[in-house]
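As provided, start_13.pdb (PDB, N, CA and C atoms) reads as follows.
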ATOM      1  N   MET A   1      -2.668  56.259  40.204
ATOM      2  CA  MET A   1      -1.415  55.924  40.870
ATOM      3  C   MET A   1      -1.376  54.420  41.122
ATOM      4  N   HIS A   2      -0.275  53.809  40.757
ATOM      5  CA  HIS A   2      -0.104  52.372  40.881
ATOM      6  C   HIS A   2       0.630  52.054  42.188
ATOM      7  N   THR A   3       0.033  51.204  43.055
ATOM      8  CA  THR A   3       0.642  50.819  44.315
ATOM      9  C   THR A   3       1.160  49.397  44.190
ATOM     10  N   THR A   4       2.408  49.191  44.549
ATOM     11  CA  THR A   4       2.966  47.844  44.483
ATOM     12  C   THR A   4       2.465  47.025  45.658
ATOM     13  N   LEU A   5       2.544  45.748  45.493
ATOM     14  CA  LEU A   5       2.098  44.841  46.551
ATOM     15  C   LEU A   5       2.933  45.021  47.813
ATOM     16  N   ALA A   6       4.231  45.199  47.672
ATOM     17  CA  ALA A   6       5.111  45.379  48.834
ATOM     18  C   ALA A   6       4.738  46.646  49.596
ATOM     19  N   ALA A   7       4.451  47.735  48.880
ATOM     20  CA  ALA A   7       4.066  48.979  49.541
ATOM     21  C   ALA A   7       2.734  48.813  50.256
ATOM     22  N   LEU A   8       1.812  48.080  49.650
ATOM     23  CA  LEU A   8       0.514  47.841  50.272
ATOM     24  C   LEU A   8       0.662  47.006  51.538
ATOM     25  N   VAL A   9       1.497  45.971  51.485
ATOM     26  CA  VAL A   9       1.733  45.125  52.664
ATOM     27  C   VAL A   9       2.399  45.933  53.768
ATOM     28  N   LEU A  10       3.391  46.732  53.408
ATOM     29  CA  LEU A  10       4.088  47.551  54.401
ATOM     30  C   LEU A  10       3.134  48.533  55.064
ATOM     31  N   ARG A  11       2.303  49.196  54.275
ATOM     32  CA  ARG A  11       1.347  50.152  54.827
ATOM     33  C   ARG A  11       0.344  49.449  55.744
ATOM     34  N   THR A  12      -0.078  48.239  55.367
ATOM     35  CA  THR A  12      -1.016  47.473  56.187
ATOM     36  C   THR A  12      -0.376  47.077  57.513
ATOM     37  N   LEU A  13       0.866  46.604  57.465
ATOM     38  CA  LEU A  13       1.557  46.212  58.701
ATOM     39  C   LEU A  13       1.762  47.417  59.623
ATOM     40  N   LEU A  14       2.125  48.558  59.069
ATOM     41  CA  LEU A  14       2.312  49.751  59.895
ATOM     42  C   LEU A  14       1.004  50.193  60.514
ATOM     43  N   THR A  15      -0.093  50.032  59.790
ATOM     44  CA  THR A  15      -1.407  50.412  60.308
ATOM     45  C   THR A  15      -1.830  49.459  61.424
ATOM     46  N   LEU A  16      -1.566  48.162  61.272
ATOM     47  CA  LEU A  16      -1.958  47.182  62.284
ATOM     48  C   LEU A  16      -1.153  47.340  63.565
ATOM     49  N   ASN A  17       0.109  47.670  63.454
ATOM     50  CA  ASN A  17       0.967  47.805  64.624
ATOM     51  C   ASN A  17       0.814  49.149  65.315
ATOM     52  N   GLY A  18       0.104  50.071  64.732
ATOM     53  CA  GLY A  18      -0.076  51.384  65.337
ATOM     54  C   GLY A  18       1.067  52.307  64.976
ATOM     55  N   PRO A  19       1.060  53.475  65.564
ATOM     56  CA  PRO A  19       2.120  54.436  65.254
ATOM     57  C   PRO A  19       3.460  53.953  65.804
ATOM     58  N   PRO A  20       4.548  54.427  65.239
ATOM     59  CA  PRO A  20       5.859  54.015  65.750
ATOM     60  C   PRO A  20       6.018  54.401  67.217
ATOM     61  N   ARG A  21       6.614  53.511  67.971
ATOM     62  CA  ARG A  21       6.796  53.769  69.407
ATOM     63  C   ARG A  21       7.938  54.731  69.641
ATOM     64  N   ARG A  22       7.789  55.501  70.718
ATOM     65  CA  ARG A  22       8.903  56.350  71.119
ATOM     66  C   ARG A  22       9.826  55.511  72.003
ATOM     67  N   ASP A  23      10.963  56.036  72.306
ATOM     68  CA  ASP A  23      11.925  55.318  73.132
ATOM     69  C   ASP A  23      11.322  55.117  74.515
ATOM     70  N   GLU A  24      11.166  53.881  74.946
ATOM     71  CA  GLU A  24      10.501  53.577  76.212
ATOM     72  C   GLU A  24      11.490  53.069  77.252
ATOM     73  N   ARG A  25      12.570  53.784  77.447
ATOM     74  CA  ARG A  25      13.553  53.365  78.452
ATOM     75  C   ARG A  25      13.099  53.719  79.858
ATOM     76  N   GLY A  26      12.117  54.552  80.003
ATOM     77  CA  GLY A  26      11.602  54.885  81.320
ATOM     78  C   GLY A  26      11.761  56.357  81.627
ATOM     79  N   ASP A  27      10.994  56.765  82.594
ATOM     80  CA  ASP A  27      11.000  58.149  83.023
ATOM     81  C   ASP A  27      11.809  58.223  84.314
ATOM     82  N   VAL A  28      13.107  58.445  84.196
ATOM     83  CA  VAL A  28      14.001  58.395  85.356
ATOM     84  C   VAL A  28      13.597  59.389  86.440
ATOM     85  N   PRO A  29      13.354  60.667  86.136
ATOM     86  CA  PRO A  29      12.948  61.584  87.213
ATOM     87  C   PRO A  29      11.671  61.136  87.922
ATOM     88  N   GLY A  30      10.756  60.546  87.180
ATOM     89  CA  GLY A  30       9.525  60.043  87.793
ATOM     90  C   GLY A  30       9.798  58.910  88.760
ATOM     91  N   TRP A  31      10.633  57.964  88.348
ATOM     92  CA  TRP A  31      10.956  56.844  89.230
ATOM     93  C   TRP A  31      11.749  57.288  90.451
ATOM     94  N   VAL A  32      12.618  58.273  90.280
ATOM     95  CA  VAL A  32      13.363  58.800  91.425
ATOM     96  C   VAL A  32      12.390  59.430  92.415
ATOM     97  N   MET A  33      11.428  60.200  91.911
ATOM     98  CA  MET A  33      10.448  60.831  92.793
ATOM     99  C   MET A  33       9.614  59.780  93.530
ATOM    100  N   VAL A  34       9.181  58.740  92.820
ATOM    101  CA  VAL A  34       8.394  57.682  93.461
ATOM    102  C   VAL A  34       9.212  56.994  94.545
ATOM    103  N   THR A  35      10.483  56.715  94.269
ATOM    104  CA  THR A  35      11.350  56.053  95.241
ATOM    105  C   THR A  35      11.569  56.915  96.470
ATOM    106  N   VAL A  36      11.857  58.197  96.262
ATOM    107  CA  VAL A  36      12.088  59.110  97.393
ATOM    108  C   VAL A  36      10.820  59.265  98.224
ATOM    109  N   MET A  37       9.675  59.371  97.561
ATOM    110  CA  MET A  37       8.418  59.512  98.307
ATOM    111  C   MET A  37       8.107  58.241  99.095
ATOM    112  N   THR A  38       8.400  57.085  98.532
ATOM    113  CA  THR A  38       8.151  55.823  99.240
ATOM    114  C   THR A  38       9.042  55.717 100.477
ATOM    115  N   ILE A  39      10.300  56.084 100.326
ATOM    116  CA  ILE A  39      11.209  56.060 101.475
ATOM    117  C   ILE A  39      10.738  57.047 102.539
ATOM    118  N   GLY A  40      10.329  58.242 102.119
ATOM    119  CA  GLY A  40       9.816  59.241 103.070
ATOM    120  C   GLY A  40       8.593  58.745 103.813
ATOM    121  N   LEU A  41       7.683  58.096 103.091
ATOM    122  CA  LEU A  41       6.482  57.541 103.732
ATOM    123  C   LEU A  41       6.844  56.448 104.733
ATOM    124  N   ALA A  42       7.772  55.583 104.353
ATOM    125  CA  ALA A  42       8.191  54.507 105.262
ATOM    126  C   ALA A  42       8.823  55.082 106.523
ATOM    127  N   ILE A  43       9.645  56.109 106.381
ATOM    128  CA  ILE A  43      10.270  56.735 107.555
ATOM    129  C   ILE A  43       9.211  57.398 108.430
ATOM    130  N   ALA A  44       8.254  58.094 107.821
ATOM    131  CA  ALA A  44       7.202  58.763 108.589
ATOM    132  C   ALA A  44       6.353  57.751 109.353
ATOM    133  N   ILE A  45       5.979  56.658 108.701
ATOM    134  CA  ILE A  45       5.161  55.635 109.375
ATOM    135  C   ILE A  45       5.963  54.977 110.488
ATOM    136  N   PHE A  46       7.225  54.662 110.231
ATOM    137  CA  PHE A  46       8.046  53.993 111.232
ATOM    138  C   PHE A  46       8.278  54.894 112.439
ATOM    139  N   THR A  47       8.360  56.218 112.224
ATOM    140  CA  THR A  47       8.570  57.151 113.330
ATOM    141  C   THR A  47       7.425  57.070 114.340
ATOM    142  N   PHE A  48       6.206  56.982 113.822
ATOM    143  CA  PHE A  48       5.044  56.949 114.718
ATOM    144  C   PHE A  48       4.714  55.550 115.210
ATOM    145  N   ALA A  49       5.075  54.533 114.467
ATOM    146  CA  ALA A  49       4.644  53.182 114.798
ATOM    147  C   ALA A  49       5.775  52.278 115.279
ATOM    148  N   GLU A  50       6.926  52.844 115.615
ATOM    149  CA  GLU A  50       8.070  52.019 115.987
ATOM    150  C   GLU A  50       7.778  51.170 117.229
ATOM    151  N   GLU A  51       7.313  51.791 118.293
ATOM    152  CA  GLU A  51       7.061  51.044 119.538
ATOM    153  C   GLU A  51       5.966  49.999 119.382
ATOM    154  N   PRO A  52       4.803  50.341 118.795
ATOM    155  CA  PRO A  52       3.786  49.288 118.612
ATOM    156  C   PRO A  52       4.281  48.138 117.722
ATOM    157  N   LEU A  53       5.055  48.451 116.698
ATOM    158  CA  LEU A  53       5.571  47.390 115.833
ATOM    159  C   LEU A  53       6.555  46.494 116.576
ATOM    160  N   LYS A  54       7.387  47.091 117.421
ATOM    161  CA  LYS A  54       8.312  46.285 118.223
ATOM    162  C   LYS A  54       7.536  45.379 119.170
ATOM    163  N   GLY A  55       6.470  45.903 119.756
ATOM    164  CA  GLY A  55       5.641  45.096 120.664
ATOM    165  C   GLY A  55       4.977  43.941 119.939
ATOM    166  N   LEU A  56       4.440  44.210 118.745
ATOM    167  CA  LEU A  56       3.806  43.130 117.978
ATOM    168  C   LEU A  56       4.822  42.069 117.573
ATOM    169  N   LEU A  57       5.996  42.481 117.162
ATOM    170  CA  LEU A  57       7.015  41.538 116.742
ATOM    171  C   LEU A  57       7.503  40.709 117.934
ATOM    172  N   SER A  58       7.695  41.350 119.071
ATOM    173  CA  SER A  58       8.124  40.612 120.274
ATOM    174  C   SER A  58       7.067  39.598 120.696
ATOM    175  N   ALA A  59       5.806  40.012 120.675
ATOM    176  CA  ALA A  59       4.709  39.094 121.042
ATOM    177  C   ALA A  59       4.647  37.913 120.083
ATOM    178  N   ALA A  60       4.841  38.165 118.785
ATOM    179  CA  ALA A  60       4.797  37.074 117.806
ATOM    180  C   ALA A  60       5.960  36.108 118.024
ATOM    181  N   PHE A  61       7.159  36.648 118.297
ATOM    182  CA  PHE A  61       8.311  35.775 118.538
ATOM    183  C   PHE A  61       8.142  34.987 119.839
ATOM    184  N   ASN A  62       7.557  35.610 120.863
ATOM    185  CA  ASN A  62       7.350  34.912 122.122
ATOM    186  C   ASN A  62       6.360  33.757 121.990
ATOM    187  N   GLN A  63       5.367  33.909 121.075
ATOM    188  CA  GLN A  63       4.401  32.825 120.872
ATOM    189  C   GLN A  63       5.030  31.646 120.123
ATOM    190  N   VAL A  64       6.053  31.914 119.349
ATOM    191  CA  VAL A  64       6.692  30.854 118.580
ATOM    192  C   VAL A  64       7.578  29.985 119.479
ATOM    193  N   LYS A  65       8.155  30.577 120.517
ATOM    194  CA  LYS A  65       9.060  29.835 121.405
ATOM    195  C   LYS A  65       8.412  28.659 122.058
TER     196      LYS A  65
END
Mind turning the file's structure into structure tokens?
Amino acid sequence: MHTTLAALVLRTLLTLNGPPRRDERGDVPGWVMVTVMTIGLAIAIFTFAEEPLKGLLSAAFNQVK
């Protein structure tokens, strides 16, 4: 079987670049889940730490005055 130079170059380039990529626009349901979980975590932490955080922020602002 006779292989042309163009076919050999094309096969070499495809081998070097790896397999063809799939569409990489992102995993929307995954990102939505990560975003919702992050918001939930922030709300949970803020619920328990609201008063201490307010105290720390007030103390920091009072030292700046």
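Across the model, the gap from CA of Ser58 in chain A to atom C of Thr35 in chain A is 29.1 Å.
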Revision key, fill the gap. Atom pair CA of Asp27 in chain A + atom C of Thr15 in chain A, distance 26.6 Å
Review point. Which value, in Å to one decimal, gives the distance between atom N of Ala44 in chain A and atom C of Val32 in chain A?
Key: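 Atom N of Ala44 in chain A sits 16.0 Å away from atom C of Val32 in chain A.
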